[in-house]
$ cat input37.tsv   # TSV, C-alpha atoms
chain	number	residue	atom	x	y	z
A	30	MET	CA	-67.74	17.27	-20.39
A	31	THR	CA	-68.36	20.08	-22.84
A	32	ASN	CA	-68.79	19.45	-26.55
A	33	TRP	CA	-65.63	21.25	-27.68
A	34	LEU	CA	-63.55	19.29	-25.17
A	35	GLN	CA	-64.88	15.99	-26.52
A	36	LEU	CA	-63.98	17.11	-30.05
A	37	ALA	CA	-60.52	18.24	-28.92
A	38	LEU	CA	-59.94	14.87	-27.24
A	39	LEU	CA	-61.15	13.06	-30.36
A	40	ALA	CA	-58.61	15.05	-32.40
A	41	ALA	CA	-55.89	14.22	-29.86
A	42	ALA	CA	-56.83	10.52	-29.92
A	43	LEU	CA	-56.73	10.37	-33.73
A	44	TRP	CA	-53.41	12.25	-33.84
A	45	GLY	CA	-52.17	9.90	-31.11
A	46	ILE	CA	-52.87	6.92	-33.38
A	47	VAL	CA	-51.12	8.88	-36.15
A	48	GLY	CA	-48.09	9.08	-33.85
A	49	LEU	CA	-48.14	5.29	-33.49
A	50	LEU	CA	-48.37	4.84	-37.26
A	51	GLN	CA	-45.43	7.22	-37.62
A	52	LYS	CA	-43.39	5.01	-35.31
A	53	LEU	CA	-44.35	1.90	-37.27
A	54	GLY	CA	-43.80	3.58	-40.62
A	55	SER	CA	-40.41	5.04	-39.72
A	56	ASN	CA	-39.20	1.54	-38.87
A	57	ARG	CA	-39.83	0.63	-42.51
A	58	ILE	CA	-39.05	3.73	-44.58
A	59	ASN	CA	-37.04	6.93	-44.08
A	60	ALA	CA	-38.62	10.17	-42.83
A	61	SER	CA	-38.87	11.92	-46.20
A	62	SER	CA	-40.48	8.87	-47.83
A	63	LEU	CA	-42.94	8.65	-44.95
A	64	LEU	CA	-43.82	12.33	-45.43
A	65	ILE	CA	-44.56	11.65	-49.11
A	66	TRP	CA	-46.95	8.80	-48.30
A	67	VAL	CA	-48.59	10.77	-45.49
A	68	THR	CA	-49.23	13.57	-47.99
A	69	VAL	CA	-50.77	11.00	-50.37
A	70	GLY	CA	-53.08	10.00	-47.48
A	71	TYR	CA	-54.07	13.66	-47.01
A	72	LEU	CA	-54.84	13.97	-50.73
A	73	LEU	CA	-56.87	10.74	-50.76
A	74	ALA	CA	-59.07	12.08	-47.95
A	75	ILE	CA	-59.99	15.25	-49.87
A	76	PRO	CA	-62.79	13.69	-52.02
A	77	LEU	CA	-64.45	12.52	-48.79
A	78	PHE	CA	-64.70	16.13	-47.63
A	79	TRP	CA	-65.50	17.78	-50.96
A	80	LYS	CA	-69.27	17.39	-50.75
A	81	GLY	CA	-70.61	19.91	-48.31
A	82	ALA	CA	-67.38	21.89	-48.08
A	83	GLY	CA	-69.01	24.79	-49.90
A	84	LEU	CA	-65.72	26.17	-51.20
A	85	GLU	CA	-67.53	28.07	-53.95
A	86	THR	CA	-69.39	30.13	-51.36
A	87	LEU	CA	-66.26	31.30	-49.53
A	88	SER	CA	-64.87	34.80	-49.81
A	89	SER	CA	-61.36	35.29	-51.16
A	90	LYS	CA	-60.30	36.30	-47.64
A	91	ALA	CA	-61.50	32.95	-46.25
A	92	LEU	CA	-59.82	31.01	-49.08
A	93	LEU	CA	-56.55	32.84	-48.49
A	94	LEU	CA	-56.73	32.25	-44.74
A	95	GLY	CA	-57.33	28.51	-45.18
A	96	VAL	CA	-54.44	28.11	-47.62
A	97	LEU	CA	-52.20	30.28	-45.42
A	98	ALA	CA	-52.94	28.03	-42.41
A	99	GLY	CA	-51.81	25.01	-44.44
A	100	SER	CA	-48.66	26.78	-45.65
A	101	VAL	CA	-47.72	27.91	-42.15
A	102	ASN	CA	-48.11	24.34	-40.87
A	103	GLY	CA	-46.08	23.02	-43.82
A	104	VAL	CA	-43.28	25.51	-43.12
A	105	GLY	CA	-43.24	24.29	-39.50
A	106	THR	CA	-42.79	20.73	-40.76
A	107	TRP	CA	-40.07	21.86	-43.17
A	108	LEU	CA	-38.21	23.64	-40.33
A	109	LEU	CA	-38.37	20.54	-38.12
A	110	PHE	CA	-36.99	18.49	-41.02
A	111	ALA	CA	-34.20	21.04	-41.43
A	112	ALA	CA	-33.49	20.89	-37.67
A	113	PHE	CA	-32.98	17.13	-37.90
A	114	GLU	CA	-30.75	17.61	-40.96
A	115	SER	CA	-28.71	20.08	-38.87
A	116	GLY	CA	-28.11	17.51	-36.15
A	117	ALA	CA	-31.05	18.04	-33.79
A	118	LYS	CA	-31.69	15.14	-31.45
A	119	ALA	CA	-35.31	13.96	-31.59
A	120	SER	CA	-35.32	13.73	-27.78
A	121	VAL	CA	-34.82	17.50	-27.58
A	122	ALA	CA	-36.34	18.90	-30.78
A	123	VAL	CA	-39.67	17.03	-30.61
A	124	PRO	CA	-40.54	18.03	-27.00
A	125	LEU	CA	-39.47	21.58	-27.84
A	126	THR	CA	-41.77	21.83	-30.83
A	127	ALA	CA	-44.55	20.24	-28.73
A	128	LEU	CA	-44.63	23.54	-26.85
A	129	TYR	CA	-46.18	25.24	-29.90
A	130	PRO	CA	-49.52	25.92	-28.12
A	131	LEU	CA	-47.62	28.54	-26.08
A	132	VAL	CA	-47.56	30.66	-29.23
A	133	THR	CA	-51.23	29.98	-30.01
A	134	VAL	CA	-52.23	30.94	-26.45
A	135	ALA	CA	-50.21	34.17	-26.62
A	136	LEU	CA	-51.70	35.15	-30.00
A	137	ALA	CA	-55.24	34.34	-28.82
A	138	TYR	CA	-54.67	36.47	-25.72
A	139	PHE	CA	-53.38	39.53	-27.58
A	140	PHE	CA	-55.37	39.41	-30.83
A	141	LEU	CA	-58.61	37.62	-29.92
A	142	SER	CA	-58.79	38.94	-26.34
A	143	GLU	CA	-59.44	35.42	-25.03
A	144	ARG	CA	-59.52	35.51	-21.25
A	145	LEU	CA	-59.31	32.51	-18.93
A	146	ASP	CA	-59.89	32.20	-15.19
A	147	GLY	CA	-57.05	31.32	-12.83
A	148	LEU	CA	-57.75	27.59	-12.80
A	149	GLN	CA	-58.00	27.46	-16.60
A	150	TRP	CA	-54.62	29.20	-16.89
A	151	PHE	CA	-53.21	26.57	-14.55
A	152	GLY	CA	-54.75	23.86	-16.76
A	153	VAL	CA	-53.16	25.42	-19.87
A	154	PHE	CA	-49.79	25.53	-18.08
A	155	LEU	CA	-50.12	21.85	-17.08
A	156	ALA	CA	-51.26	20.79	-20.57
A	157	ILE	CA	-48.35	22.53	-22.30
A	158	CYS	CA	-45.85	21.04	-19.83
A	159	ALA	CA	-47.43	17.60	-20.30
A	160	GLY	CA	-47.19	17.89	-24.11
A	161	GLY	CA	-43.44	18.49	-23.84
A	162	MET	CA	-42.92	15.74	-21.25
A	163	LEU	CA	-44.91	13.13	-23.16
A	164	SER	CA	-42.90	13.85	-26.34
A	165	TYR	CA	-39.62	13.17	-24.57
A	166	GLU	CA	-38.01	10.00	-25.86
A	167	THR	CA	-34.55	8.89	-24.88
A	168	ASP	CA	-32.22	8.41	-27.83
A	169	HIS	CA	-31.48	4.77	-28.57
S	21	MET	CA	-27.38	29.41	-30.55
S	22	PRO	CA	-26.87	26.16	-32.51
S	23	LYS	CA	-28.59	26.07	-35.90
S	24	TRP	CA	-30.75	23.04	-35.01
S	25	LEU	CA	-32.09	24.81	-31.90
S	26	TRP	CA	-32.97	27.91	-33.87
S	27	LEU	CA	-34.74	25.78	-36.51
S	28	SER	CA	-36.64	23.83	-33.81
S	29	LEU	CA	-37.78	27.06	-32.15
S	30	MET	CA	-38.90	28.45	-35.50
S	31	SER	CA	-40.86	25.25	-36.16
S	32	MET	CA	-42.56	25.70	-32.78
S	33	LEU	CA	-43.37	29.30	-33.66
S	34	TRP	CA	-44.89	28.47	-37.06
S	35	TRP	CA	-47.01	25.64	-35.67
S	36	GLY	CA	-48.23	28.00	-32.94
S	37	VAL	CA	-49.23	30.57	-35.57
S	38	TRP	CA	-51.00	27.75	-37.45
S	39	GLY	CA	-53.20	27.09	-34.37
S	40	PHE	CA	-54.10	30.78	-34.27
S	41	LEU	CA	-54.92	30.91	-38.01
S	42	VAL	CA	-57.14	27.84	-37.60
S	43	LYS	CA	-59.14	29.68	-34.96
S	44	LEU	CA	-59.60	32.61	-37.38
S	45	GLY	CA	-60.45	30.27	-40.26
S	46	THR	CA	-63.07	28.25	-38.41
S	47	ALA	CA	-65.12	31.43	-37.96
S	48	LEU	CA	-65.34	31.74	-41.77
S	49	MET	CA	-65.83	28.19	-43.04
S	50	ASN	CA	-66.76	24.65	-42.11
S	51	PRO	CA	-64.16	22.01	-41.12
S	52	GLN	CA	-64.29	20.24	-44.51
S	53	ALA	CA	-63.44	23.43	-46.42
S	54	MET	CA	-60.72	24.23	-43.88
S	55	GLN	CA	-59.10	20.83	-44.41
S	56	ILE	CA	-59.17	21.03	-48.22
S	57	LEU	CA	-57.57	24.48	-48.17
S	58	PHE	CA	-55.09	23.30	-45.51
S	59	VAL	CA	-53.84	20.53	-47.81
S	60	CYS	CA	-53.55	22.98	-50.74
S	61	GLY	CA	-51.46	25.32	-48.60
S	62	MET	CA	-49.36	22.58	-47.04
S	63	LEU	CA	-48.20	21.06	-50.33
S	64	PRO	CA	-45.63	23.65	-51.50
S	65	PRO	CA	-43.49	23.74	-48.31
S	66	VAL	CA	-43.72	19.97	-47.89
S	67	ILE	CA	-42.59	19.46	-51.50
S	68	LEU	CA	-39.73	21.89	-50.85
S	69	ALA	CA	-38.72	19.93	-47.72
S	70	LEU	CA	-38.78	16.69	-49.69
S	71	TRP	CA	-36.79	18.25	-52.54
S	72	GLN	CA	-34.12	19.37	-50.06
S	73	ALA	CA	-34.03	15.87	-48.59
S	74	GLY	CA	-33.35	14.47	-52.08
S	75	PHE	CA	-36.82	13.08	-52.88
S	76	ARG	CA	-35.90	9.52	-51.99
S	77	VAL	CA	-39.13	7.56	-52.25
S	78	GLN	CA	-39.01	4.18	-50.56
S	79	ARG	CA	-41.82	1.77	-51.39
S	80	ASP	CA	-41.84	-0.87	-48.66
S	81	ALA	CA	-45.49	-2.03	-48.75
S	82	ARG	CA	-46.13	-1.78	-45.03
S	83	GLY	CA	-44.30	1.53	-44.78
S	84	VAL	CA	-46.48	2.91	-47.57
S	85	LEU	CA	-49.63	1.58	-45.88
S	86	TYR	CA	-48.69	3.14	-42.54
S	87	GLY	CA	-47.92	6.44	-44.25
S	88	ILE	CA	-51.20	6.61	-46.16
S	89	LEU	CA	-53.25	5.55	-43.12
S	90	ASN	CA	-51.37	8.23	-41.19
S	91	GLY	CA	-52.50	10.91	-43.65
S	92	LEU	CA	-56.11	9.66	-43.69
S	93	LEU	CA	-56.43	9.51	-39.90
S	94	ALA	CA	-54.64	12.83	-39.46
S	95	SER	CA	-57.23	14.36	-41.84
S	96	PHE	CA	-60.11	13.19	-39.66
S	97	GLY	CA	-58.20	14.41	-36.59
S	98	MET	CA	-57.96	17.80	-38.29
S	99	LEU	CA	-61.74	17.88	-38.81
S	100	ALA	CA	-62.30	17.25	-35.09
S	101	PHE	CA	-59.68	19.91	-34.28
S	102	TYR	CA	-61.40	22.49	-36.50
S	103	ALA	CA	-64.79	21.66	-34.99
S	104	ALA	CA	-63.36	22.01	-31.46
S	105	MET	CA	-61.83	25.36	-32.44
S	106	THR	CA	-65.23	26.50	-33.73
S	107	TYR	CA	-66.85	26.03	-30.32
S	108	GLY	CA	-63.96	26.36	-27.85
S	109	LYS	CA	-61.27	28.87	-27.02
S	110	ALA	CA	-58.00	28.56	-28.96
S	111	SER	CA	-56.17	29.06	-25.65
S	112	ILE	CA	-57.57	25.75	-24.36
S	113	VAL	CA	-58.28	23.71	-27.51
S	114	GLY	CA	-54.66	24.23	-28.70
S	115	PRO	CA	-53.03	22.84	-25.54
S	116	VAL	CA	-55.59	20.00	-25.18
S	117	THR	CA	-55.09	18.71	-28.75
S	118	ALA	CA	-51.32	19.03	-28.27
S	119	LEU	CA	-51.72	16.29	-25.64
S	120	PHE	CA	-51.95	13.76	-28.51
S	121	PRO	CA	-48.66	12.09	-27.44
S	122	LEU	CA	-50.67	10.83	-24.43
S	123	PHE	CA	-52.47	8.46	-26.79
S	124	THR	CA	-49.29	7.66	-28.76
S	125	VAL	CA	-47.43	6.75	-25.57
S	126	ALA	CA	-50.36	4.65	-24.27
S	127	GLY	CA	-50.59	2.82	-27.62
S	128	ALA	CA	-46.83	2.28	-27.78
S	129	VAL	CA	-46.89	0.70	-24.31
S	130	LEU	CA	-49.98	-1.44	-25.01
S	131	PHE	CA	-49.33	-2.54	-28.58
S	132	LEU	CA	-45.61	-2.05	-29.29
S	133	LYS	CA	-44.47	-3.15	-25.81
S	134	GLU	CA	-42.38	0.00	-25.42
S	135	LYS	CA	-41.42	1.12	-21.93
S	136	LEU	CA	-42.36	4.48	-20.47
S	137	ASN	CA	-39.50	6.66	-19.33
S	138	LYS	CA	-39.87	8.64	-16.10
S	139	VAL	CA	-40.51	11.95	-17.84
S	140	GLN	CA	-43.32	10.45	-19.92
S	141	ALA	CA	-44.87	8.78	-16.84
S	142	MET	CA	-44.91	12.16	-15.07
S	143	GLY	CA	-46.30	13.69	-18.25
S	144	ILE	CA	-49.29	11.35	-18.13
S	145	VAL	CA	-50.12	12.45	-14.58
S	146	VAL	CA	-49.75	16.13	-15.49
S	147	ALA	CA	-51.88	15.68	-18.64
S	148	LEU	CA	-54.67	13.98	-16.69
S	149	ALA	CA	-54.61	16.78	-14.12
S	150	ALA	CA	-54.98	19.34	-16.93
S	151	LEU	CA	-57.89	17.41	-18.45
S	152	ALA	CA	-59.58	17.16	-15.03
S	153	ILE	CA	-59.43	20.95	-14.78
S	154	PHE	CA	-60.89	21.50	-18.26
S	155	SER	CA	-63.65	18.90	-17.82
S	156	ARG	CA	-65.13	20.74	-14.84
S	157	GLY	CA	-67.27	22.60	-17.38
$ encode --input "input37.tsv" --output "C-alpha coordinates"
Amino acid sequence: MTNWLQLALLAAALWGIVGLLQKLGSNRINASSLLIWVTVGYLLAIPLFWKGAGLETLSSKALLLGVLAGSVNGVGTWLLFAAFESGAKASVAVPLTALYPLVTVALAYFFLSERLDGLQWFGVFLAICAGGMLSYETDH
Amino acid sequence: MPKWLWLSLMSMLWWGVWGFLVKLGTALMNPQAMQILFVCGMLPPVILALWQAGFRVQRDARGVLYGILNGLLASFGMLAFYAAMTYGKASIVGPVTALFPLFTVAGAVLFLKEKLNKVQAMGIVVALAALAIFSRG
(Lines of atoms letter the chains of each structure in order from A and count residues from 1; the text may use other names and numbers.)
(Lines give C-alpha, C1' and ligand atoms only; values in the text may rest on other atoms or scores of the structure.)
Protein backbone atom coordinates (compact mmCIF):
# COMPACT_ATOMS: atom_id res chain seq x y z
CA MET A 1 0.00 0.00 0.00
CA THR A 2 1.42 3.38 -0.93
CA ASN A 3 2.29 5.98 1.69
CA TRP A 4 -0.34 8.54 0.66
CA LEU A 5 -3.06 5.88 0.77
CA GLN A 6 -2.09 4.93 4.34
CA LEU A 7 -2.26 8.60 5.32
CA ALA A 8 -5.62 9.03 3.59
CA LEU A 9 -6.98 5.97 5.41
CA LEU A 10 -5.63 7.29 8.71
CA ALA A 11 -7.48 10.56 8.07
CA ALA A 12 -10.64 8.63 7.20
CA ALA A 13 -10.31 6.48 10.35
CA LEU A 14 -9.87 9.54 12.60
CA TRP A 15 -12.79 11.34 10.93
CA GLY A 16 -14.78 8.12 11.29
CA ILE A 17 -14.24 8.23 15.06
CA VAL A 18 -15.22 11.91 14.89
CA GLY A 19 -18.49 10.78 13.29
CA LEU A 20 -19.10 8.45 16.23
CA LEU A 21 -18.38 11.23 18.72
CA GLN A 22 -20.81 13.43 16.79
CA LYS A 23 -23.51 10.79 17.23
CA LEU A 24 -22.77 10.52 20.95
CA GLY A 25 -22.54 14.27 21.40
CA SER A 26 -25.75 15.04 19.51
CA ASN A 27 -27.63 12.73 21.88
CA ARG A 28 -26.61 15.08 24.70
CA ILE A 29 -26.57 18.60 23.25
CA ASN A 30 -28.08 20.34 20.21
CA ALA A 31 -26.22 20.71 16.91
CA SER A 32 -25.19 24.35 17.35
CA SER A 33 -23.86 23.71 20.87
CA LEU A 34 -21.92 20.71 19.57
CA LEU A 35 -20.40 22.89 16.84
CA ILE A 36 -19.25 25.38 19.49
CA TRP A 37 -17.49 22.67 21.52
CA VAL A 38 -15.99 21.09 18.40
CA THR A 39 -14.55 24.49 17.52
CA VAL A 40 -13.11 24.73 21.05
CA GLY A 41 -11.44 21.34 20.38
CA TYR A 42 -9.95 22.71 17.14
CA LEU A 43 -8.60 25.75 19.00
CA LEU A 44 -7.13 23.61 21.79
CA ALA A 45 -5.19 21.56 19.23
CA ILE A 46 -3.50 24.63 17.72
CA PRO A 47 -0.70 24.96 20.36
CA LEU A 48 0.25 21.34 19.60
CA PHE A 49 0.90 22.28 15.99
CA TRP A 50 2.44 25.71 16.52
CA LYS A 51 6.04 24.53 16.91
CA GLY A 52 7.38 23.60 13.53
CA ALA A 53 4.52 25.16 11.60
CA GLY A 54 6.84 27.87 10.30
CA LEU A 55 4.05 30.37 9.71
CA GLU A 56 6.52 33.25 9.77
CA THR A 57 8.29 31.83 6.71
CA LEU A 58 5.15 31.64 4.56
CA SER A 59 4.39 34.04 1.74
CA SER A 60 1.25 36.15 1.91
CA LYS A 61 -0.15 34.05 -0.94
CA ALA A 62 0.28 30.86 1.12
CA LEU A 63 -1.25 32.49 4.21
CA LEU A 64 -4.23 33.69 2.20
CA LEU A 65 -4.71 30.27 0.61
CA GLY A 66 -4.67 28.49 3.99
CA VAL A 67 -7.18 30.89 5.53
CA LEU A 68 -9.35 30.73 2.39
CA ALA A 69 -9.43 26.91 2.61
CA GLY A 70 -10.72 27.18 6.19
CA SER A 71 -13.33 29.80 5.24
CA VAL A 72 -14.59 27.75 2.30
CA ASN A 73 -14.97 24.70 4.56
CA GLY A 74 -16.72 26.83 7.19
CA VAL A 75 -19.16 28.19 4.60
CA GLY A 76 -19.93 24.59 3.59
CA THR A 77 -20.76 23.81 7.22
CA TRP A 78 -22.87 26.96 7.48
CA LEU A 79 -24.83 26.00 4.34
CA LEU A 80 -25.50 22.49 5.68
CA PHE A 81 -26.74 24.05 8.92
CA ALA A 82 -28.99 26.35 6.89
CA ALA A 83 -30.26 23.35 4.89
CA PHE A 84 -31.33 21.63 8.11
CA GLU A 85 -32.98 24.86 9.30
CA SER A 86 -34.88 24.91 5.98
CA GLY A 87 -36.28 21.44 6.57
CA ALA A 88 -33.68 19.17 4.96
CA LYS A 89 -33.87 15.56 6.09
CA ALA A 90 -30.51 14.28 7.33
CA SER A 91 -31.10 11.04 5.40
CA VAL A 92 -31.02 13.01 2.14
CA ALA A 93 -28.83 16.05 2.83
CA VAL A 94 -25.91 14.19 4.46
CA PRO A 95 -25.44 11.60 1.66
CA LEU A 96 -25.78 14.42 -0.86
CA THR A 97 -23.05 16.51 0.72
CA ALA A 98 -20.91 13.34 1.00
CA LEU A 99 -20.58 13.56 -2.77
CA TYR A 100 -18.34 16.64 -2.40
CA PRO A 101 -15.24 14.83 -3.79
CA LEU A 102 -16.98 14.98 -7.19
CA VAL A 103 -16.23 18.70 -7.19
CA THR A 104 -12.64 18.20 -6.01
CA VAL A 105 -12.04 15.59 -8.74
CA ALA A 106 -13.47 17.89 -11.42
CA LEU A 107 -11.35 20.86 -10.27
CA ALA A 108 -8.20 18.71 -10.08
CA TYR A 109 -8.88 17.44 -13.60
CA PHE A 110 -9.37 20.87 -15.16
CA PHE A 111 -6.97 23.04 -13.15
CA LEU A 112 -4.23 20.65 -12.01
CA SER A 113 -4.37 18.40 -15.09
CA GLU A 114 -4.50 15.30 -12.87
CA ARG A 115 -4.97 12.25 -15.05
CA LEU A 116 -6.00 8.78 -13.87
CA ASP A 117 -6.04 5.44 -15.67
CA GLY A 118 -9.30 3.65 -16.41
CA LEU A 119 -9.23 1.47 -13.29
CA GLN A 120 -8.44 4.45 -11.05
CA TRP A 121 -11.41 6.34 -12.51
CA PHE A 122 -13.56 3.32 -11.71
CA GLY A 123 -12.16 3.35 -8.15
CA VAL A 124 -13.00 7.05 -7.79
CA PHE A 125 -16.53 6.37 -9.05
CA LEU A 126 -16.96 3.51 -6.54
CA ALA A 127 -15.49 5.55 -3.65
CA ILE A 128 -17.80 8.52 -4.29
CA CYS A 129 -20.84 6.23 -4.55
CA ALA A 130 -19.78 4.43 -1.37
CA GLY A 131 -19.40 7.75 0.51
CA GLY A 132 -23.00 8.65 -0.33
CA MET A 133 -24.34 5.17 0.48
CA LEU A 134 -22.53 4.91 3.81
CA SER A 135 -23.90 8.31 4.88
CA TYR A 136 -27.48 7.21 4.29
CA GLU A 137 -29.37 6.90 7.55
CA THR A 138 -33.07 6.24 7.75
CA ASP A 139 -34.97 8.89 9.68
CA HIS A 140 -36.17 7.70 13.06
CA MET B 1 -35.93 23.41 -6.45
CA PRO B 2 -36.65 23.37 -2.70
CA LYS B 3 -34.48 25.73 -0.64
CA TRP B 4 -32.99 22.92 1.48
CA LEU B 5 -31.86 21.03 -1.65
CA TRP B 6 -30.21 24.13 -3.07
CA LEU B 7 -28.44 24.76 0.25
CA SER B 8 -27.29 21.11 0.46
CA LEU B 9 -25.91 21.24 -3.08
CA MET B 10 -24.10 24.48 -2.31
CA SER B 11 -22.60 22.89 0.81
CA MET B 12 -21.37 20.00 -1.36
CA LEU B 13 -19.87 22.49 -3.81
CA TRP B 14 -18.02 24.50 -1.15
CA TRP B 15 -16.61 21.39 0.53
CA GLY B 16 -15.45 20.16 -2.89
CA VAL B 17 -13.67 23.48 -3.50
CA TRP B 18 -12.11 23.12 -0.02
CA GLY B 19 -10.53 19.78 -1.09
CA PHE B 20 -9.08 21.49 -4.14
CA LEU B 21 -7.70 24.44 -2.13
CA VAL B 22 -6.09 21.99 0.30
CA LYS B 23 -4.23 20.39 -2.60
CA LEU B 24 -2.95 23.84 -3.65
CA GLY B 25 -2.07 24.75 -0.06
CA THR B 26 -0.11 21.60 0.72
CA ALA B 27 2.33 22.50 -2.06
CA LEU B 28 3.16 25.73 -0.19
CA MET B 29 3.26 24.76 3.49
CA ASN B 30 3.46 21.90 5.95
CA PRO B 31 0.35 20.23 7.46
CA GLN B 32 0.70 22.02 10.82
CA ALA B 33 0.67 25.48 9.19
CA MET B 34 -2.23 24.41 6.98
CA GLN B 35 -4.29 23.37 10.01
CA ILE B 36 -3.61 26.57 11.97
CA LEU B 37 -4.63 28.72 9.00
CA PHE B 38 -7.63 26.45 8.37
CA VAL B 39 -8.96 27.10 11.88
CA CYS B 40 -8.41 30.87 11.48
CA GLY B 41 -10.40 30.82 8.24
CA MET B 42 -13.11 28.53 9.52
CA LEU B 43 -14.00 30.64 12.56
CA PRO B 44 -15.92 33.54 10.93
CA PRO B 45 -18.46 31.44 8.97
CA VAL B 46 -18.91 29.02 11.87
CA ILE B 47 -19.55 31.94 14.26
CA LEU B 48 -22.05 33.32 11.73
CA ALA B 49 -23.82 29.93 11.55
CA LEU B 50 -23.99 29.78 15.34
CA TRP B 51 -25.25 33.37 15.54
CA GLN B 52 -28.05 32.52 13.09
CA ALA B 53 -28.92 29.46 15.16
CA GLY B 54 -29.29 31.70 18.23
CA PHE B 55 -26.00 30.87 20.01
CA ARG B 56 -27.60 28.43 22.42
CA VAL B 57 -24.73 26.90 24.35
CA GLN B 58 -25.64 23.74 26.20
CA ARG B 59 -23.16 22.51 28.80
CA ASP B 60 -23.97 18.87 29.47
CA ALA B 61 -20.58 17.54 30.67
CA ARG B 62 -20.48 14.50 28.42
CA GLY B 63 -21.77 16.46 25.45
CA VAL B 64 -19.00 19.02 25.97
CA LEU B 65 -16.39 16.26 26.29
CA TYR B 66 -17.56 14.56 23.08
CA GLY B 67 -17.53 17.89 21.26
CA ILE B 68 -14.01 18.85 22.36
CA LEU B 69 -12.64 15.36 21.65
CA ASN B 70 -14.33 15.62 18.26
CA GLY B 71 -12.43 18.83 17.46
CA LEU B 72 -9.10 17.42 18.70
CA LEU B 73 -9.38 14.18 16.73
CA ALA B 74 -10.65 15.98 13.65
CA SER B 75 -7.53 18.19 13.83
CA PHE B 76 -5.24 15.18 13.74
CA GLY B 77 -7.35 13.73 10.92
CA MET B 78 -6.79 16.98 9.04
CA LEU B 79 -3.02 16.65 9.46
CA ALA B 80 -3.13 13.16 7.94
CA PHE B 81 -5.37 14.48 5.15
CA TYR B 82 -2.96 17.31 4.34
CA ALA B 83 -0.01 14.91 4.36
CA ALA B 84 -1.87 12.52 2.03
CA MET B 85 -2.67 15.45 -0.28
CA THR B 86 1.02 16.38 -0.33
CA TYR B 87 2.02 13.00 -1.77
CA GLY B 88 -1.12 11.77 -3.56
CA LYS B 89 -3.47 13.02 -6.24
CA ALA B 90 -6.42 15.14 -5.07
CA SER B 91 -8.62 13.09 -7.43
CA ILE B 92 -7.98 9.96 -5.33
CA VAL B 93 -7.14 11.29 -1.85
CA GLY B 94 -10.41 13.31 -1.80
CA PRO B 95 -12.70 10.34 -2.50
CA VAL B 96 -10.71 7.96 -0.21
CA THR B 97 -10.87 10.30 2.82
CA ALA B 98 -14.57 10.88 2.10
CA LEU B 99 -15.01 7.18 2.92
CA PHE B 100 -14.76 8.11 6.62
CA PRO B 101 -18.40 7.04 7.25
CA LEU B 102 -17.09 3.48 6.71
CA PHE B 103 -15.37 3.75 10.09
CA THR B 104 -18.30 5.61 11.69
CA VAL B 105 -20.74 2.91 10.56
CA ALA B 106 -18.41 0.11 11.73
CA GLY B 107 -17.98 1.80 15.13
CA ALA B 108 -21.71 2.45 15.47
CA VAL B 109 -22.43 -1.25 14.85
CA LEU B 110 -19.65 -2.48 17.17
CA PHE B 111 -19.93 -0.02 20.04
CA LEU B 112 -23.37 1.62 19.83
CA LYS B 113 -25.18 -1.57 18.75
CA GLU B 114 -26.77 0.24 15.81
CA LYS B 115 -28.05 -1.80 12.89
CA LEU B 116 -26.81 -1.39 9.34
CA ASN B 117 -29.42 -0.54 6.76
CA LYS B 118 -29.22 -2.20 3.33
CA VAL B 119 -27.81 0.87 1.59
CA GLN B 120 -24.99 1.16 4.14
CA ALA B 121 -24.21 -2.58 3.88
CA MET B 122 -23.90 -2.22 0.10
CA GLY B 123 -21.82 0.91 0.68
CA ILE B 124 -19.29 -1.09 2.70
CA VAL B 125 -18.84 -3.58 -0.15
CA VAL B 126 -18.47 -0.78 -2.71
CA ALA B 127 -15.99 1.10 -0.47
CA LEU B 128 -13.84 -2.00 0.00
CA ALA B 129 -13.83 -2.58 -3.77
CA ALA B 130 -12.64 1.01 -4.30
CA LEU B 131 -9.88 0.59 -1.70
CA ALA B 132 -8.78 -2.70 -3.31
CA ILE B 133 -8.36 -0.83 -6.60
CA PHE B 134 -6.33 2.00 -5.04
CA SER B 135 -4.12 -0.34 -2.99
CA ARG B 136 -2.82 -2.11 -6.10
CA GLY B 137 -0.05 0.51 -6.12
$ atom_distance --input "input37.tsv" --atom1 "CA of Leu163 (chain A)" --atom2 "CA of Lys135 (chain S)"
12.6 Å
$ atom_distance --input "input37.tsv" --atom1 "CA of Ala53 (chain S)" --atom2 "CA of Phe110 (chain A)"
27.4 Å
$ interface_residues --input "input37.tsv" --of "chain S" --to "chain A" --cutoff "6 Å" --atoms "only C-alpha atoms" --output "ChimeraX atom specification"
/S:24,27-28,31-32,34-41,52-54,57-59,61-62,65-66,69-70,77-78,83-84,86-88,90-92,94,97,100-101,104,107-108,111,114-115,117-121,123-124,139-140,143,146-147,150,153,155
$ atom_distance --input "input37.tsv" --atom1 "CA of Val113 (chain S)" --atom2 "CA of Ala152 (chain S)"
14.2 Å
$ residues_around --input "input37.tsv" --residues "Leu136 (chain S)" --least-positions-apart "4" --cutoff "9 Å" --atoms "all atoms listed in the file" --output "list of chain:residue names"
A:Glu166, S:Val125, S:Ala126, S:Ala128, S:Val129, S:Gln140, S:Ala141
$ closest_residue --input "input37.tsv" --among "S:Gly74, S:Leu25, S:Leu33, S:Met98" --to "Ile56 (chain S)" --atoms "all atoms listed in the file"
S:Met98
